[in-house]
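query.cif, holding mmCIF, C-alpha atoms and all ligand atoms:
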```cif
data_run
loop_
_atom_site.label_atom_id
_atom_site.label_comp_id
_atom_site.auth_asym_id
_atom_site.auth_seq_id
_atom_site.Cartn_x
_atom_site.Cartn_y
_atom_site.Cartn_z
CA MET F 1 -43.69 43.09 -10.24
CA GLU F 2 -42.74 40.33 -12.73
CA ARG F 3 -44.79 37.89 -10.68
CA GLU F 4 -47.76 40.23 -10.63
CA LYS F 5 -47.49 40.42 -14.37
CA THR F 6 -47.55 36.64 -14.87
CA LYS F 7 -50.66 36.50 -12.70
CA GLU F 8 -52.43 38.98 -14.93
CA LYS F 9 -55.89 37.74 -15.90
CA ARG F 10 -56.49 37.33 -19.60
CA VAL F 11 -59.95 35.77 -19.45
CA CYS F 12 -62.51 37.59 -21.61
CA SER F 13 -65.00 39.75 -19.78
CA ALA F 14 -67.93 37.47 -20.61
CA LEU F 15 -66.40 34.46 -18.88
CA ALA F 16 -64.31 36.09 -16.14
CA PRO F 17 -67.19 36.27 -13.61
CA PHE F 18 -67.71 32.50 -13.75
CA GLY F 19 -64.37 31.31 -12.38
CA THR F 20 -63.45 27.63 -12.04
CA THR F 21 -66.48 25.31 -11.94
CA ILE F 22 -67.67 23.93 -8.62
CA PHE F 23 -67.27 20.43 -10.11
CA THR F 24 -63.54 20.92 -10.67
CA GLU F 25 -63.19 22.57 -7.27
CA MET F 26 -64.91 19.78 -5.34
CA THR F 27 -63.28 16.89 -7.24
CA THR F 28 -59.85 18.46 -6.72
CA LEU F 29 -60.56 18.86 -3.02
CA SER F 30 -61.91 15.32 -2.81
CA ASN F 31 -58.80 13.87 -4.45
CA LYS F 32 -56.57 15.93 -2.17
CA GLU F 33 -58.37 14.69 0.93
CA GLY F 34 -58.70 11.09 -0.33
CA ALA F 35 -62.47 11.38 0.17
CA ILE F 36 -65.29 9.43 -1.44
CA ASN F 37 -66.29 11.63 -4.32
CA LEU F 38 -70.06 12.06 -4.48
CA SER F 39 -69.66 15.56 -5.91
CA GLN F 40 -69.05 15.74 -9.70
CA GLY F 41 -71.59 13.43 -11.37
CA PHE F 42 -69.70 10.52 -12.91
CA PRO F 43 -69.94 6.78 -12.22
CA ASP F 44 -67.04 4.92 -10.56
CA PHE F 45 -67.68 2.04 -12.97
CA ASP F 46 -67.44 1.90 -16.75
CA GLY F 47 -70.18 1.26 -19.28
CA PRO F 48 -70.85 -2.02 -21.14
CA ILE F 49 -67.77 -4.08 -22.02
CA GLU F 50 -69.02 -4.76 -25.56
CA VAL F 51 -69.25 -1.04 -26.18
CA ARG F 52 -65.70 -0.50 -24.98
CA LYS F 53 -64.50 -3.41 -27.11
CA ALA F 54 -66.25 -1.96 -30.16
CA ALA F 55 -64.42 1.34 -29.62
CA SER F 56 -61.01 -0.34 -29.31
CA GLU F 57 -61.66 -2.47 -32.38
CA ALA F 58 -62.70 0.61 -34.34
CA ILE F 59 -59.52 2.40 -33.29
CA MET F 60 -57.31 -0.55 -34.31
CA ARG F 61 -59.15 -1.08 -37.59
CA GLY F 62 -59.34 2.61 -38.49
CA PRO F 63 -59.74 4.92 -40.21
CA ASN F 64 -58.85 7.34 -37.45
CA GLN F 65 -59.34 10.50 -39.48
CA TYR F 66 -61.96 13.23 -39.50
CA CYS F 67 -65.46 11.96 -39.95
CA PRO F 68 -68.42 13.91 -41.33
CA SER F 69 -69.03 17.06 -39.33
CA ILE F 70 -72.66 16.23 -38.60
CA GLY F 71 -71.72 12.77 -37.27
CA LEU F 72 -71.48 9.20 -38.60
CA ALA F 73 -74.62 8.07 -40.45
CA LEU F 74 -74.52 4.97 -38.23
CA LEU F 75 -74.88 6.96 -35.02
CA ARG F 76 -77.37 9.47 -36.43
CA SER F 77 -79.57 6.54 -37.48
CA ALA F 78 -79.19 4.97 -34.04
CA VAL F 79 -80.32 8.26 -32.46
CA ALA F 80 -83.34 8.39 -34.80
CA ASP F 81 -84.20 4.73 -34.08
CA LYS F 82 -83.95 5.23 -30.31
CA THR F 83 -86.13 8.34 -30.55
CA LYS F 84 -88.77 6.31 -32.40
CA ARG F 85 -88.47 3.31 -30.04
CA PHE F 86 -88.79 5.23 -26.76
CA TYR F 87 -90.86 8.28 -27.70
CA GLY F 88 -92.69 7.24 -30.87
CA VAL F 89 -91.29 10.26 -32.71
CA ASN F 90 -89.89 10.18 -36.26
CA VAL F 91 -86.82 12.32 -36.88
CA ASP F 92 -84.79 12.43 -40.07
CA PRO F 93 -81.22 11.35 -39.22
CA ASP F 94 -79.82 13.28 -42.19
CA THR F 95 -81.37 16.66 -41.57
CA GLN F 96 -82.43 16.65 -37.91
CA VAL F 97 -79.69 14.89 -35.91
CA THR F 98 -76.25 16.39 -35.26
CA VAL F 99 -73.56 14.57 -33.27
CA THR F 100 -71.56 16.78 -30.90
CA ALA F 101 -68.75 16.44 -28.36
CA GLY F 102 -71.09 15.68 -25.47
CA ALA F 103 -74.23 17.56 -24.59
CA SER F 104 -71.85 20.34 -23.53
CA GLU F 105 -70.81 21.09 -27.08
CA GLY F 106 -74.39 20.48 -28.22
CA LEU F 107 -75.51 23.25 -25.88
CA ALA F 108 -72.66 25.55 -26.90
CA ALA F 109 -73.31 24.97 -30.63
CA THR F 110 -77.02 25.61 -30.12
CA LEU F 111 -76.55 28.83 -28.16
CA LEU F 112 -73.72 30.19 -30.33
CA GLY F 113 -75.52 29.20 -33.52
CA LEU F 114 -78.90 30.69 -32.65
CA LEU F 115 -78.47 33.70 -30.38
CA GLU F 116 -77.94 37.30 -31.43
CA PRO F 117 -76.10 39.73 -29.13
CA GLY F 118 -78.64 41.34 -26.81
CA ASP F 119 -81.09 38.42 -26.94
CA GLU F 120 -82.53 37.18 -23.68
CA VAL F 121 -82.66 33.52 -22.67
CA ILE F 122 -84.86 32.45 -19.78
CA LEU F 123 -83.23 29.97 -17.40
CA ILE F 124 -85.08 28.03 -14.74
CA GLU F 125 -83.06 27.83 -11.53
CA PRO F 126 -81.48 25.72 -10.18
CA CYS F 127 -79.63 25.37 -13.48
CA TYR F 128 -76.46 23.84 -14.84
CA ASP F 129 -73.44 26.17 -14.86
CA LEU F 130 -72.72 25.87 -18.57
CA TYR F 131 -75.95 27.64 -19.56
CA PRO F 132 -75.26 31.14 -18.21
CA ALA F 133 -71.60 30.99 -19.26
CA MET F 134 -72.36 30.13 -22.89
CA ILE F 135 -75.26 32.58 -23.05
CA ALA F 136 -72.88 35.30 -21.86
CA ARG F 137 -70.23 34.27 -24.39
CA ALA F 138 -72.85 34.55 -27.13
CA GLY F 139 -73.38 38.16 -26.04
CA ALA F 140 -76.88 37.38 -24.84
CA HIS F 141 -78.44 37.82 -21.39
CA ALA F 142 -79.72 35.16 -19.01
CA VAL F 143 -83.00 36.00 -17.31
CA TYR F 144 -83.62 33.84 -14.25
CA VAL F 145 -86.77 32.44 -12.74
CA SER F 146 -86.66 29.97 -9.86
CA LEU F 147 -88.62 26.79 -9.35
CA VAL F 148 -90.89 27.20 -6.35
CA ARG F 149 -89.88 25.13 -3.36
CA PRO F 150 -90.60 22.79 -1.66
CA GLY F 151 -92.07 21.00 -4.69
CA PHE F 152 -89.88 22.71 -7.33
CA ASP F 153 -92.99 23.86 -9.17
CA LEU F 154 -92.89 25.90 -12.35
CA PRO F 155 -93.24 29.65 -11.52
CA LYS F 156 -95.87 30.28 -14.17
CA GLU F 157 -96.83 33.83 -13.20
CA GLN F 158 -93.20 34.90 -13.13
CA LEU F 159 -92.53 33.27 -16.48
CA LYS F 160 -95.42 35.21 -18.00
CA MET F 161 -93.92 38.38 -16.58
CA VAL F 162 -90.34 37.95 -17.81
CA ILE F 163 -91.04 36.67 -21.32
CA GLY F 164 -91.12 39.47 -23.87
CA LYS F 165 -89.88 40.98 -27.11
CA LYS F 166 -86.22 40.39 -26.31
CA THR F 167 -86.69 36.75 -25.32
CA ARG F 168 -85.16 34.45 -27.90
CA ALA F 169 -85.34 31.14 -26.00
CA ILE F 170 -86.26 29.28 -22.86
CA LEU F 171 -83.73 26.65 -21.80
CA ILE F 172 -85.01 23.81 -19.65
CA ASN F 173 -83.32 20.74 -18.20
CA ASN F 174 -85.61 17.73 -17.92
CA PRO F 175 -84.97 15.75 -15.71
CA GLN F 176 -83.35 18.63 -13.88
CA ASN F 177 -79.91 18.72 -12.31
CA PRO F 178 -79.46 19.16 -9.31
CA CYS F 179 -83.01 19.02 -7.88
CA GLY F 180 -84.22 15.92 -9.76
CA LYS F 181 -87.41 17.54 -11.03
CA VAL F 182 -89.20 15.78 -13.89
CA PHE F 183 -91.46 18.14 -15.85
CA SER F 184 -95.05 17.01 -16.20
CA ASN F 185 -96.83 16.77 -19.51
CA GLU F 186 -98.99 19.67 -18.45
CA GLU F 187 -95.98 21.86 -17.60
CA LEU F 188 -94.27 21.13 -20.93
CA ASN F 189 -97.46 21.87 -22.82
CA TRP F 190 -97.97 25.09 -20.88
CA LEU F 191 -94.39 26.18 -21.61
CA GLY F 192 -94.83 25.31 -25.29
CA ARG F 193 -97.96 27.42 -25.57
CA LEU F 194 -96.25 30.33 -23.83
CA CYS F 195 -93.28 30.07 -26.21
CA ARG F 196 -95.51 29.83 -29.26
CA LYS F 197 -97.45 32.89 -28.16
CA HIS F 198 -94.25 34.92 -27.90
CA ASP F 199 -92.44 33.19 -30.79
CA VAL F 200 -89.68 31.91 -28.53
CA LEU F 201 -87.38 28.88 -29.03
CA MET F 202 -87.43 25.97 -26.57
CA ILE F 203 -84.08 24.38 -25.79
CA SER F 204 -84.36 21.21 -23.75
CA ASP F 205 -81.37 19.51 -22.15
CA GLU F 206 -82.46 15.89 -21.64
CA VAL F 207 -79.19 14.16 -20.72
CA TYR F 208 -80.89 12.27 -17.86
CA GLU F 209 -83.77 11.08 -20.11
CA HIS F 210 -83.36 7.41 -19.13
CA LEU F 211 -83.24 8.09 -15.39
CA VAL F 212 -86.87 8.78 -14.48
CA TYR F 213 -88.16 6.90 -11.43
CA ASP F 214 -91.39 5.66 -9.82
CA GLY F 215 -92.83 4.16 -12.99
CA ARG F 216 -93.08 7.52 -14.77
CA SER F 217 -91.66 7.78 -18.26
CA HIS F 218 -89.69 10.59 -19.78
CA VAL F 219 -91.67 13.00 -21.93
CA THR F 220 -89.38 14.73 -24.40
CA LEU F 221 -90.22 18.08 -25.95
CA LEU F 222 -90.13 16.16 -29.25
CA ASN F 223 -93.42 14.61 -28.13
CA PHE F 224 -95.22 17.87 -28.99
CA PRO F 225 -95.47 18.10 -32.81
CA GLN F 226 -97.30 21.42 -32.49
CA PHE F 227 -94.07 23.00 -31.17
CA ALA F 228 -91.64 21.15 -33.47
CA ASP F 229 -90.55 24.27 -35.35
CA ARG F 230 -89.21 25.85 -32.14
CA VAL F 231 -87.80 22.85 -30.22
CA ILE F 232 -84.14 21.86 -29.87
CA VAL F 233 -83.46 18.74 -27.80
CA ILE F 234 -79.95 18.07 -26.57
CA SER F 235 -78.86 14.78 -25.08
CA SER F 236 -75.83 12.64 -24.46
CA THR F 237 -74.61 9.07 -24.19
CA ALA F 238 -72.64 9.97 -21.05
CA LYS F 239 -75.16 9.03 -18.36
CA THR F 240 -77.14 6.38 -20.26
CA PHE F 241 -74.05 4.34 -21.08
CA SER F 242 -71.91 5.30 -18.07
CA MET F 243 -69.05 6.77 -20.10
CA THR F 244 -68.98 10.45 -19.19
CA GLY F 245 -65.39 10.81 -20.45
CA TRP F 246 -66.23 9.86 -24.03
CA LYS F 247 -68.19 13.03 -24.68
CA VAL F 248 -70.55 11.77 -27.36
CA GLY F 249 -73.70 13.85 -27.46
CA TYR F 250 -76.27 14.96 -29.99
CA VAL F 251 -78.81 17.62 -30.92
CA ILE F 252 -82.23 16.92 -32.45
CA ALA F 253 -84.18 19.75 -34.06
CA SER F 254 -86.06 20.79 -37.20
CA GLU F 255 -84.01 21.08 -40.37
CA ALA F 256 -83.86 24.89 -40.12
CA LEU F 257 -82.76 24.87 -36.47
CA SER F 258 -80.30 22.02 -37.11
CA GLU F 259 -78.72 24.14 -39.82
CA ALA F 260 -77.91 26.82 -37.24
CA VAL F 261 -76.53 24.25 -34.79
CA ARG F 262 -74.41 22.64 -37.52
CA MET F 263 -73.12 26.04 -38.63
CA SER F 264 -71.50 26.68 -35.25
CA HIS F 265 -70.62 23.02 -34.55
CA GLN F 266 -68.42 22.91 -37.68
CA PHE F 267 -66.35 25.77 -36.27
CA ILE F 268 -66.18 24.52 -32.66
CA THR F 269 -65.03 20.89 -32.97
CA PHE F 270 -65.95 20.15 -36.61
CA CYS F 271 -66.51 16.52 -35.62
CA THR F 272 -66.53 14.01 -32.76
CA PRO F 273 -64.17 10.96 -32.56
CA GLY F 274 -65.41 8.36 -35.06
CA ALA F 275 -64.50 5.24 -33.08
CA LEU F 276 -66.47 6.44 -30.08
CA GLN F 277 -69.43 7.31 -32.30
CA GLU F 278 -69.37 3.84 -33.82
CA ALA F 279 -69.32 2.21 -30.40
CA MET F 280 -72.09 4.43 -29.10
CA ALA F 281 -74.25 3.49 -32.10
CA LEU F 282 -73.92 -0.10 -30.94
CA ALA F 283 -74.74 0.96 -27.36
CA MET F 284 -77.83 2.87 -28.39
CA ASN F 285 -79.12 -0.07 -30.41
CA MET F 286 -78.96 -2.42 -27.41
CA ASP F 287 -82.35 -3.88 -26.63
CA ASP F 288 -84.76 -2.58 -24.01
CA SER F 289 -83.34 -4.88 -21.33
CA TYR F 290 -80.19 -2.72 -21.15
CA TYR F 291 -82.21 0.44 -20.49
CA ASP F 292 -84.46 -1.41 -18.02
CA SER F 293 -81.53 -2.71 -16.01
CA LEU F 294 -79.85 0.71 -15.96
CA LEU F 295 -82.98 2.21 -14.47
CA LYS F 296 -83.51 -0.68 -12.09
CA GLY F 297 -79.92 -0.37 -10.85
CA TYR F 298 -80.20 3.38 -10.25
CA SER F 299 -83.65 3.02 -8.64
CA ALA F 300 -82.14 0.62 -6.11
CA LYS F 301 -79.23 2.99 -5.45
CA ARG F 302 -81.61 5.91 -5.01
CA GLU F 303 -83.63 3.87 -2.52
CA ILE F 304 -80.62 2.75 -0.50
CA PHE F 305 -78.90 6.11 -0.45
CA CYS F 306 -81.93 8.31 0.23
CA ASN F 307 -83.26 5.98 2.93
CA ALA F 308 -79.86 5.91 4.61
CA LEU F 309 -79.69 9.74 4.62
CA ALA F 310 -83.22 9.92 6.03
CA ASP F 311 -82.36 7.36 8.74
CA MET F 312 -79.50 9.63 9.80
CA GLY F 313 -82.03 12.40 10.37
CA PHE F 314 -81.38 14.46 7.24
CA GLU F 315 -84.27 16.03 5.39
CA VAL F 316 -83.92 14.32 2.01
CA LEU F 317 -85.16 15.62 -1.32
CA TRP F 318 -85.85 12.44 -3.28
CA PRO F 319 -85.22 13.01 -6.98
CA GLU F 320 -87.94 12.17 -9.51
CA GLY F 321 -85.16 11.76 -12.07
CA THR F 322 -81.31 12.08 -12.52
CA TYR F 323 -78.72 10.39 -10.31
CA TYR F 324 -78.53 13.16 -7.73
CA ALA F 325 -80.11 13.33 -4.26
CA SER F 326 -80.08 16.42 -2.07
CA ILE F 327 -80.37 17.16 1.62
CA ASP F 328 -81.62 20.28 3.33
CA ILE F 329 -78.95 21.54 5.74
CA GLY F 330 -80.94 24.61 6.80
CA THR F 331 -81.30 23.43 10.39
CA LEU F 332 -77.66 22.36 10.78
CA ASP F 333 -75.07 24.57 12.34
CA PHE F 334 -73.18 25.67 9.23
CA PHE F 335 -72.80 29.08 7.61
CA ASP F 336 -73.94 27.74 4.22
CA ASP F 337 -73.76 24.80 1.80
CA LEU F 338 -70.19 25.59 0.73
CA ALA F 339 -69.00 25.64 4.34
CA PHE F 340 -70.84 22.36 4.93
CA CYS F 341 -69.26 20.71 1.84
CA ARG F 342 -65.78 21.91 2.77
CA TYR F 343 -66.24 20.51 6.27
CA LEU F 344 -67.66 17.24 4.96
CA VAL F 345 -64.84 16.55 2.54
CA SER F 346 -62.07 17.23 5.03
CA HIS F 347 -63.60 15.95 8.31
CA VAL F 348 -65.94 13.18 7.15
CA GLY F 349 -64.24 12.06 3.94
CA VAL F 350 -67.25 12.50 1.66
CA ALA F 351 -67.40 15.07 -1.15
CA ALA F 352 -70.68 16.68 -2.24
CA ILE F 353 -71.75 19.71 -4.29
CA PRO F 354 -73.03 22.91 -2.68
CA SER F 355 -76.24 23.40 -4.63
CA SER F 356 -76.25 27.19 -4.39
CA PHE F 357 -73.84 27.25 -7.37
CA PHE F 358 -76.83 26.32 -9.52
CA TRP F 359 -78.55 29.62 -8.64
CA ASN F 360 -77.59 33.03 -10.01
CA GLU F 361 -77.91 34.50 -6.55
CA ARG F 362 -76.45 31.82 -4.37
CA ARG F 363 -78.88 32.44 -1.52
CA GLY F 364 -81.51 30.56 -3.57
CA GLY F 365 -79.95 27.23 -2.68
CA ARG F 366 -77.68 27.90 0.27
CA ASP F 367 -79.48 25.30 2.37
CA LEU F 368 -79.13 22.47 -0.16
CA VAL F 369 -76.35 19.98 -0.74
CA ARG F 370 -76.24 17.53 -3.66
CA PHE F 371 -74.78 14.00 -3.63
CA CYS F 372 -74.48 11.80 -6.71
CA PHE F 373 -75.38 8.15 -6.25
CA CYS F 374 -73.99 6.86 -9.56
CA LYS F 375 -71.47 4.76 -7.65
CA LYS F 376 -70.79 1.09 -6.91
CA ASP F 377 -72.81 -0.25 -3.99
CA GLU F 378 -69.63 -0.65 -1.91
CA THR F 379 -68.72 3.02 -2.53
CA LEU F 380 -72.17 4.15 -1.38
CA THR F 381 -71.99 1.82 1.64
CA GLU F 382 -68.67 3.33 2.72
CA ALA F 383 -69.95 6.88 2.18
CA ILE F 384 -73.03 6.05 4.27
CA ARG F 385 -70.85 4.53 7.00
CA ARG F 386 -68.73 7.69 7.19
CA LEU F 387 -71.74 10.00 7.23
CA LYS F 388 -73.47 7.90 9.88
CA LYS F 389 -70.42 7.87 12.12
CA TRP F 390 -70.12 11.65 11.88
CA LYS F 391 -73.85 12.25 12.34
CA ARG F 392 -73.84 10.24 15.58
N1 LIG F 401 -76.33 18.99 -19.03
C1 LIG F 401 -76.46 18.63 -17.75
C2 LIG F 401 -77.71 18.99 -17.02
C3 LIG F 401 -75.48 17.91 -17.10
O1 LIG F 401 -75.62 17.55 -15.84
C4 LIG F 401 -74.30 17.60 -17.81
C5 LIG F 401 -73.20 16.90 -17.12
N2 LIG F 401 -73.01 15.65 -17.58
C6 LIG F 401 -74.20 18.00 -19.16
C7 LIG F 401 -75.24 18.71 -19.72
C8 LIG F 401 -72.99 17.71 -19.98
O2 LIG F 401 -73.09 16.49 -20.65
P1 LIG F 401 -71.87 15.90 -21.48
O3 LIG F 401 -70.96 15.26 -20.50
O4 LIG F 401 -72.46 14.93 -22.43
O5 LIG F 401 -71.20 17.03 -22.15
N1 LIG F 402 -72.79 17.13 -15.02
C1 LIG F 402 -71.84 16.89 -13.96
C2 LIG F 402 -72.52 17.23 -12.63
O1 LIG F 402 -73.51 17.89 -12.57
C3 LIG F 402 -70.61 17.73 -14.05
C4 LIG F 402 -69.89 17.72 -15.33
C5 LIG F 402 -68.75 18.73 -15.26
O2 LIG F 402 -67.82 18.53 -14.54
N2 LIG F 402 -68.90 19.83 -15.91
O3 LIG F 402 -71.98 16.85 -11.63
#
```
Same coordinates, now as structure tokens:
Amino acid sequence: MEREKTKEKRVCSALAPFGTTIFTEMTTLSNKEGAINLSQGFPDFDGPIEVRKAASEAIMRGPNQYCPSIGLALLRSAVADKTKRFYGVNVDPDTQVTVTAGASEGLAATLLGLLEPGDEVILIEPCYDLYPAMIARAGAHAVYVSLVRPGFDLPKEQLKMVIGKKTRAILINNPQNPCGKVFSNEELNWLGRLCRKHDVLMISDEVYEHLVYDGRSHVTLLNFPQFADRVIVISSTAKTFSMTGWKVGYVIASEALSEAVRMSHQFITFCTPGALQEAMALAMNMDDSYYDSLLKGYSAKREIFCNALADMGFEVLWPEGTYYASIDIGTLDFFDDLAFCRYLVSHVGVAAIPSSFFWNERRGGRDLVRFCFCKKDETLTEAIRRLKKWKR
């Protein structure tokens, strides 16, 4: 009886249905089995040494106290400069850039600062697990539409059907985790016009903005001045500078929308560690060669990893962006993607993510499994060796 009592669940009703994330579950399993972890998306190498040195120096020099809630001027200016350099867009660092604890807090601050209870937010599946959880916590409702396979095309007719009076926002992820879709200019423009017609906000999670392959370049929603009054772009330094544990992210939006984001941000974390902000300002200001070599490195890894999977006979979904590649396991003899991933981690020694967790109704992606290739070449080589041996 006592024991039953200690096991009592105290999680609020909005979050209870979500349970522990699939990323925690798979990384825990991977560690337990001593597997190669290609599940949760983090590099097995650290970002630039000069950036790490700058952070340690800033910690030793101090101050190590609260910094301004909206972020250090140094980092906000670096964000504005990078936005101008890569996308040709002017943003005011004082009124339009807010530094957050990763894109995660940027998303939470945006959703909690802008949504009213009962609002609807349209999500485009497959989508990142944080979105529905934070929408629910805001008392709003997620309305799902799915990208149309095999090409992961935008379901335009369905979008026109679900958007309505209750819709407050559409939340997109470009490039998209886990499927690697990169939205075309035409798709973004189409979405913008739809949102303008229905007076709906556009929230765009662009954390993989610098990982777009095949000579294409990232088009941010900030590139559409005609939609500027309804656009909120969220990004992060995590992937671009290979320091996912630092949690330095940011939100860019009009002054009025930034005010809403800042309102909730001040009550969530208030501010983000100053030393890490200072170091990330330095990182962001690195010249184009840094960004070019990051992309070149990941393009090579994508090539090696996807080709190896294809050579083994897997049907591979090459990503247009992100550092994730997926395989279709529909023809293999497994109950579903979760069963496949559980088998793989314990019998083959490679951990992956069952993609169905990115769909509201898991059957949407039950035949897909996601691997991250943000790993050292030797890690990928060993993972490939293990997979090959098993596949034979
Ligand atoms: N959005 C997406 C699509 C992600 O994959 C992730 C995971 N890194 C995040 C947001 C969270 O980013 P951060 O680590 O900066 O909080
Ligand atoms: N974004 C990472 C991924 O998709 C996971 C981050 C997390 O653990 N929440 O793998």
Could the centre and edge lengths of an axis-aligned box, enclosing all atoms of ligand LIG 402 (chain F) in the file with 5 Å extra on each side, be given in Å to one decimal as AutoDock Vina command-line options?
```
--center_x -70.7 --center_y 18.3 --center_z -13.8 --size_x 15.7 --size_y 13.0 --size_z 14.3
```
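Pairwise distance (atom CA of F:Arg85, atom CA of F:Phe42) equals 26.4 Å.
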*Near F:Val369, within 6 Å and counting all atoms listed in the file, which residues show up once chain neighbours fewer than 6 positions away are dropped, as a PyMOL selection string?*
chain F and resi 326-327+353-355
Preceding selection exported with C-alpha atoms as a CSV table (one decimal), keeping the file's coordinate frame:
```csv
chain,number,residue,atom,x,y,z
F,326,SER,CA,-80.1,16.4,-2.1
F,327,ILE,CA,-80.4,17.2,1.6
F,353,ILE,CA,-71.8,19.7,-4.3
F,354,PRO,CA,-73.0,22.9,-2.7
F,355,SER,CA,-76.2,23.4,-4.6
```
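In this model, the gap between atom CA of F:Gln266 and atom CA of F:Ser242 comes to 26.6 Å.
Remark: for ligand LIG 402 (chain F), the closest of the candidate residues F:Lys239, F:His218, F:Arg149, F:Lys9 is F:Lys239 (distances computed over all atoms listed in the file).
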Env of stretch 68-81 of chain F: 6 Å cut, atoms = only C-alpha atoms, seq-sep filter 5 positions within chain, self excluded. Answer as a CSV table (one decimal) with C-alpha atoms, in the coordinates of the input.
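What ended up in result_22.csv:
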```
chain,number,residue,atom,x,y,z
F,91,VAL,CA,-86.8,12.3,-36.9
F,93,PRO,CA,-81.2,11.4,-39.2
F,97,VAL,CA,-79.7,14.9,-35.9
F,98,THR,CA,-76.2,16.4,-35.3
F,99,VAL,CA,-73.6,14.6,-33.3
F,270,PHE,CA,-66.0,20.2,-36.6
F,271,CYS,CA,-66.5,16.5,-35.6
F,281,ALA,CA,-74.2,3.5,-32.1
```
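Here atom CA of F:Asp119 and atom CA of F:Val162 stand 13.0 Å from one another.
Distances from F:Gly365, F:Pro63, F:Glu25, F:Lys53 to F:Pro273 were compared using only C-alpha atoms, and the smallest one belongs to F:Pro63.
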| task | Kindly work out which residues sit at most 6 Å from ligand LIG 402 (chain F), using only C-alpha atoms and all ligand atoms, and give the list as a VMD selection string. | result | chain F and resid 23 40 to 41
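With all atoms listed in the file as the basis for measurement, F:Met26 is the residue among F:Leu159, F:Cys195, F:Ala16, F:Met26 that approaches F:Ser346 most closely.
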